Amino acid sequence: MTNHHPAPIWTCGGCGADWPCGPGRRHLVAEYREGRVALALYLAAQFVTAGRDLARLPAGELHHRFLGWIR
């Protein structure tokens, strides 16, 4: 099984796509199935950290990437 967790520079350690990748998102939804608020808080913290690491990217793009897909 591939490990779809964040690697340095916010790429997926399993597939090399921008993290969170599609499989990584599905894993997170399953992991936080009973705690959607906890998922949102976890991703918000990751968004803040990624914002420092990826300062060259527009904030809106990072927001969509980290938070825009959760419901």
# chains A, B, ... in the order shown; residues from 1 in each chain; ligands from 1

call {"tool": "residues_around", "arguments": {"residues": "Cys21 of chain A", "least_positions_apart": "4", "cutoff": "10 Å", "atoms": "only C-alpha atoms", "output": "CSV table (one decimal) with all heavy atoms, in the first residue's frame"}}
result
chain,number,residue,atom,x,y,z
A,4,HIS,N,0.4,7.9,1.4
A,4,HIS,CA,0.0,9.2,0.9
A,4,HIS,C,0.0,10.3,2.0
A,4,HIS,O,-1.0,10.8,2.3
A,4,HIS,CB,-1.3,9.2,0.2
A,4,HIS,CG,-1.3,8.3,-1.1
A,4,HIS,ND1,-0.9,8.9,-2.3
A,4,HIS,CD2,-1.6,7.0,-1.3
A,4,HIS,CE1,-0.9,7.9,-3.2
A,4,HIS,NE2,-1.3,6.8,-2.6
A,5,HIS,N,1.2,10.5,2.6
A,5,HIS,CA,1.4,11.5,3.6
A,5,HIS,C,2.2,12.6,3.1
A,5,HIS,O,3.0,12.4,2.1
A,5,HIS,CB,2.0,10.9,4.9
A,5,HIS,CG,1.0,9.9,5.5
A,5,HIS,ND1,-0.1,10.2,6.2
A,5,HIS,CD2,1.1,8.5,5.5
A,5,HIS,CE1,-0.7,9.2,6.6
A,5,HIS,NE2,0.0,8.1,6.2
A,6,PRO,N,2.2,13.8,3.7
A,6,PRO,CA,3.0,14.9,3.2
A,6,PRO,C,4.5,14.7,3.3
A,6,PRO,O,5.0,14.1,4.3
A,6,PRO,CB,2.6,16.1,4.0
A,6,PRO,CG,1.9,15.6,5.2
A,6,PRO,CD,1.4,14.2,4.8
A,11,THR,N,4.7,17.7,-1.1
A,11,THR,CA,4.3,16.8,-2.1
A,11,THR,C,3.9,15.5,-1.4
A,11,THR,O,4.3,15.2,-0.2
A,11,THR,CB,5.4,16.5,-3.1
A,11,THR,OG1,6.6,16.0,-2.4
A,11,THR,CG2,5.8,17.8,-3.9
A,12,CYS,N,3.2,14.6,-2.0
A,12,CYS,CA,2.8,13.3,-1.5
A,12,CYS,C,4.0,12.4,-1.5
A,12,CYS,O,4.7,12.2,-2.5
A,12,CYS,CB,1.7,12.7,-2.2
A,12,CYS,SG,1.2,11.1,-1.7
A,13,GLY,N,4.3,11.7,-0.3
A,13,GLY,CA,5.3,10.8,-0.2
A,13,GLY,C,5.1,9.5,-1.0
A,13,GLY,O,6.0,8.7,-1.3
A,14,GLY,N,3.8,9.3,-1.4
A,14,GLY,CA,3.5,8.1,-2.1
A,14,GLY,C,3.4,8.2,-3.6
A,14,GLY,O,4.0,7.4,-4.4
A,15,CYS,N,2.8,9.3,-4.1
A,15,CYS,CA,2.7,9.5,-5.6
A,15,CYS,C,3.4,10.7,-6.1
A,15,CYS,O,3.4,10.9,-7.4
A,15,CYS,CB,1.2,9.5,-5.9
A,15,CYS,SG,0.3,10.9,-5.3
A,16,GLY,N,3.9,11.6,-5.3
A,16,GLY,CA,4.6,12.8,-5.8
A,16,GLY,C,3.7,13.9,-6.2
A,16,GLY,O,4.2,15.0,-6.5
A,17,ALA,N,2.4,13.8,-6.1
A,17,ALA,CA,1.5,14.9,-6.4
A,17,ALA,C,1.5,15.9,-5.3
A,17,ALA,O,2.0,15.6,-4.2
A,17,ALA,CB,0.1,14.4,-6.6
A,25,ARG,N,-6.5,12.5,0.3
A,25,ARG,CA,-7.8,13.1,0.8
A,25,ARG,C,-8.8,12.0,1.2
A,25,ARG,O,-9.4,12.1,2.2
A,25,ARG,CB,-8.4,13.9,-0.4
A,25,ARG,CG,-7.6,15.2,-0.6
A,25,ARG,CD,-8.2,16.0,-1.8
A,25,ARG,NE,-7.4,17.2,-2.0
A,25,ARG,CZ,-7.8,18.1,-2.9
A,25,ARG,NH1,-8.9,18.0,-3.6
A,25,ARG,NH2,-7.0,19.2,-3.0
A,26,ARG,N,-8.9,10.9,0.4
A,26,ARG,CA,-9.8,9.8,0.7
A,26,ARG,C,-9.4,9.2,2.0
A,26,ARG,O,-10.2,8.8,2.9
A,26,ARG,CB,-9.8,8.8,-0.4
A,26,ARG,CG,-10.6,9.3,-1.6
A,26,ARG,CD,-10.8,8.3,-2.7
A,26,ARG,NE,-9.6,7.8,-3.3
A,26,ARG,CZ,-9.0,8.5,-4.3
A,26,ARG,NH1,-9.5,9.6,-4.8
A,26,ARG,NH2,-7.9,8.0,-4.9
A,27,HIS,N,-8.1,9.0,2.2
A,27,HIS,CA,-7.6,8.5,3.5
A,27,HIS,C,-7.9,9.4,4.7
A,27,HIS,O,-8.4,8.9,5.7
A,27,HIS,CB,-6.1,8.3,3.4
A,27,HIS,CG,-5.4,7.9,4.7
A,27,HIS,ND1,-5.5,6.6,5.2
A,27,HIS,CD2,-4.8,8.6,5.6
A,27,HIS,CE1,-4.9,6.6,6.4
A,27,HIS,NE2,-4.4,7.8,6.6
A,65,ARG,N,-6.5,24.0,-2.1
A,65,ARG,CA,-5.8,22.8,-2.0
A,65,ARG,C,-6.0,22.1,-0.6
A,65,ARG,O,-6.2,20.9,-0.6
A,65,ARG,CB,-4.3,23.0,-2.3
A,65,ARG,CG,-3.4,21.9,-2.2
A,65,ARG,CD,-2.0,22.3,-2.6
A,65,ARG,NE,-1.0,21.4,-2.1
A,65,ARG,CZ,0.3,21.6,-2.3
A,65,ARG,NH1,0.7,22.6,-3.1
A,65,ARG,NH2,1.2,20.8,-1.8
A,66,PHE,N,-5.9,22.9,0.4
A,66,PHE,CA,-5.9,22.3,1.8
A,66,PHE,C,-7.3,22.3,2.4
A,66,PHE,O,-7.6,21.3,3.1
A,66,PHE,CB,-5.0,23.0,2.7
A,66,PHE,CG,-3.6,22.7,2.5
A,66,PHE,CD1,-2.8,23.4,1.5
A,66,PHE,CD2,-3.0,21.7,3.2
A,66,PHE,CE1,-1.5,23.0,1.3
A,66,PHE,CE2,-1.6,21.4,3.0
A,66,PHE,CZ,-0.9,22.0,2.1

call {"tool": "residues_around", "arguments": {"residues": "Leu43 of chain A", "least_positions_apart": "5", "cutoff": "12 Å", "atoms": "only C-alpha atoms", "output": "list of chain:residue names"}}
result
A:Pro6, A:Trp19, A:Pro20, A:Gly24, A:Arg25, A:Leu28, A:Val29, A:Tyr32, A:Arg36, A:Val37, A:Ala38, A:Val48, A:Thr49, A:Ala50, A:Gly51, A:Leu62, A:His63, A:His64, A:Arg65, A:Phe66, A:Leu67, A:Gly68, A:Trp69, A:Ile70

call {"tool": "select_by_dssp", "arguments": {"residues": "chain A", "states": "strand (DSSP E or B)", "output": "list of chain:residue names"}}
result
A:Pro6, A:Ala7, A:Thr11, A:Cys12, A:Asp18

call {"tool": "write_last_selection", "arguments": {"atoms": "C-alpha atoms", "output": "CSV table (one decimal), in the first residue's frame"}}
result
chain,number,residue,atom,x,y,z
A,6,PRO,CA,3.0,14.9,3.2
A,7,ALA,CA,6.7,14.9,2.3
A,11,THR,CA,4.3,16.8,-2.1
A,12,CYS,CA,2.8,13.3,-1.5
A,18,ASP,CA,0.7,18.0,-4.5

call {"tool": "closest_residue", "arguments": {"among": "A:Ala59, A:Arg71, A:Arg52, A:Leu41", "to": "Ile9 of chain A", "atoms": "only C-alpha atoms"}}
result
A:Arg52

call {"tool": "atom_distance", "arguments": {"atom1": "atom CA of Tyr42 of chain A", "atom2": "atom CA of Leu57 of chain A"}}
result
20.3 Å

call {"tool": "select_by_dssp", "arguments": {"residues": "chain A", "states": "alpha helix (DSSP H)", "output": "PyMOL selection string"}}
result
chain A and resi 22-31+36-53+59-66

call {"tool": "write_last_selection", "arguments": {"atoms": "N, CA and C atoms", "output": "JSON list (two decimals), in the first residue's frame"}}
result
[["chain", "number", "residue", "atom", "x", "y", "z"],
["A", 22, "GLY", "N", -5.35, 13.07, -4.24],
["A", 22, "GLY", "CA", -6.64, 12.40, -4.22],
["A", 22, "GLY", "C", -6.70, 11.22, -3.26],
["A", 23, "PRO", "N", -5.77, 10.27, -3.37],
["A", 23, "PRO", "CA", -5.79, 9.16, -2.41],
["A", 23, "PRO", "C", -5.58, 9.62, -0.96],
["A", 24, "GLY", "N", -4.75, 10.63, -0.78],
["A", 24, "GLY", "CA", -4.53, 11.16, 0.56],
["A", 24, "GLY", "C", -5.78, 11.78, 1.14],
["A", 25, "ARG", "N", -6.54, 12.48, 0.30],
["A", 25, "ARG", "CA", -7.80, 13.07, 0.75],
["A", 25, "ARG", "C", -8.79, 11.98, 1.17],
["A", 26, "ARG", "N", -8.88, 10.93, 0.36],
["A", 26, "ARG", "CA", -9.79, 9.83, 0.70],
["A", 26, "ARG", "C", -9.37, 9.18, 2.03],
["A", 27, "HIS", "N", -8.07, 9.03, 2.22],
["A", 27, "HIS", "CA", -7.57, 8.46, 3.48],
["A", 27, "HIS", "C", -7.93, 9.36, 4.66],
["A", 28, "LEU", "N", -7.75, 10.67, 4.50],
["A", 28, "LEU", "CA", -8.07, 11.60, 5.58],
["A", 28, "LEU", "C", -9.56, 11.58, 5.92],
["A", 29, "VAL", "N", -10.42, 11.54, 4.90],
["A", 29, "VAL", "CA", -11.86, 11.49, 5.14],
["A", 29, "VAL", "C", -12.22, 10.22, 5.91],
["A", 30, "ALA", "N", -11.61, 9.10, 5.52],
["A", 30, "ALA", "CA", -11.87, 7.84, 6.23],
["A", 30, "ALA", "C", -11.34, 7.89, 7.66],
["A", 31, "GLU", "N", -10.14, 8.44, 7.83],
["A", 31, "GLU", "CA", -9.53, 8.51, 9.16],
["A", 31, "GLU", "C", -10.33, 9.40, 10.10],
["A", 36, "ARG", "N", -15.30, 15.36, 11.61],
["A", 36, "ARG", "CA", -15.08, 16.29, 10.49],
["A", 36, "ARG", "C", -14.50, 17.63, 10.95],
["A", 37, "VAL", "N", -14.89, 18.09, 12.13],
["A", 37, "VAL", "CA", -14.33, 19.34, 12.64],
["A", 37, "VAL", "C", -12.84, 19.15, 12.92],
["A", 38, "ALA", "N", -12.47, 18.00, 13.47],
["A", 38, "ALA", "CA", -11.06, 17.71, 13.72],
["A", 38, "ALA", "C", -10.28, 17.67, 12.41],
["A", 39, "LEU", "N", -10.89, 17.13, 11.36],
["A", 39, "LEU", "CA", -10.23, 17.12, 10.03],
["A", 39, "LEU", "C", -10.01, 18.54, 9.56],
["A", 40, "ALA", "N", -11.01, 19.38, 9.68],
["A", 40, "ALA", "CA", -10.88, 20.78, 9.26],
["A", 40, "ALA", "C", -9.79, 21.50, 10.05],
["A", 41, "LEU", "N", -9.72, 21.25, 11.35],
["A", 41, "LEU", "CA", -8.68, 21.88, 12.17],
["A", 41, "LEU", "C", -7.29, 21.38, 11.80],
["A", 42, "TYR", "N", -7.16, 20.07, 11.56],
["A", 42, "TYR", "CA", -5.88, 19.51, 11.14],
["A", 42, "TYR", "C", -5.43, 20.14, 9.82],
["A", 43, "LEU", "N", -6.34, 20.19, 8.86],
["A", 43, "LEU", "CA", -5.98, 20.76, 7.56],
["A", 43, "LEU", "C", -5.71, 22.26, 7.64],
["A", 44, "ALA", "N", -6.41, 22.96, 8.52],
["A", 44, "ALA", "CA", -6.14, 24.39, 8.70],
["A", 44, "ALA", "C", -4.73, 24.60, 9.25],
["A", 45, "ALA", "N", -4.32, 23.77, 10.18],
["A", 45, "ALA", "CA", -2.95, 23.87, 10.69],
["A", 45, "ALA", "C", -1.93, 23.56, 9.61],
["A", 46, "GLN", "N", -2.22, 22.56, 8.78],
["A", 46, "GLN", "CA", -1.32, 22.24, 7.68],
["A", 46, "GLN", "C", -1.27, 23.39, 6.67],
["A", 47, "PHE", "N", -2.40, 24.02, 6.43],
["A", 47, "PHE", "CA", -2.50, 25.17, 5.53],
["A", 47, "PHE", "C", -1.60, 26.31, 6.00],
["A", 48, "VAL", "N", -1.63, 26.60, 7.29],
["A", 48, "VAL", "CA", -0.80, 27.67, 7.85],
["A", 48, "VAL", "C", 0.69, 27.35, 7.67],
["A", 49, "THR", "N", 1.07, 26.13, 7.99],
["A", 49, "THR", "CA", 2.47, 25.72, 7.84],
["A", 49, "THR", "C", 2.89, 25.75, 6.39],
["A", 50, "ALA", "N", 2.04, 25.24, 5.51],
["A", 50, "ALA", "CA", 2.36, 25.24, 4.08],
["A", 50, "ALA", "C", 2.45, 26.67, 3.55],
["A", 51, "GLY", "N", 1.65, 27.57, 4.10],
["A", 51, "GLY", "CA", 1.72, 28.97, 3.68],
["A", 51, "GLY", "C", 3.09, 29.58, 3.92],
["A", 52, "ARG", "N", 3.73, 29.17, 4.99],
["A", 52, "ARG", "CA", 5.10, 29.65, 5.25],
["A", 52, "ARG", "C", 6.09, 28.99, 4.30],
["A", 53, "ASP", "N", 5.91, 27.68, 4.10],
["A", 53, "ASP", "CA", 6.84, 26.93, 3.27],
["A", 53, "ASP", "C", 6.69, 27.22, 1.78],
["A", 59, "ALA", "N", -2.35, 32.57, -1.82],
["A", 59, "ALA", "CA", -3.08, 32.04, -0.67],
["A", 59, "ALA", "C", -4.36, 31.35, -1.09],
["A", 60, "GLY", "N", -5.05, 31.87, -2.10],
["A", 60, "GLY", "CA", -6.28, 31.25, -2.57],
["A", 60, "GLY", "C", -6.05, 29.86, -3.12],
["A", 61, "GLU", "N", -4.95, 29.66, -3.81],
["A", 61, "GLU", "CA", -4.61, 28.34, -4.34],
["A", 61, "GLU", "C", -4.35, 27.36, -3.20],
["A", 62, "LEU", "N", -3.60, 27.82, -2.20],
["A", 62, "LEU", "CA", -3.34, 26.95, -1.05],
["A", 62, "LEU", "C", -4.62, 26.65, -0.28],
["A", 63, "HIS", "N", -5.48, 27.64, -0.13],
["A", 63, "HIS", "CA", -6.73, 27.43, 0.57],
["A", 63, "HIS", "C", -7.57, 26.36, -0.14],
["A", 64, "HIS", "N", -7.68, 26.47, -1.44],
["A", 64, "HIS", "CA", -8.43, 25.47, -2.21],
["A", 64, "HIS", "C", -7.80, 24.08, -2.05],
["A", 65, "ARG", "N", -6.50, 24.03, -2.10],
["A", 65, "ARG", "CA", -5.77, 22.77, -2.00],
["A", 65, "ARG", "C", -5.95, 22.09, -0.64],
["A", 66, "PHE", "N", -5.90, 22.87, 0.43],
["A", 66, "PHE", "CA", -5.93, 22.29, 1.77],
["A", 66, "PHE", "C", -7.33, 22.26, 2.38]]
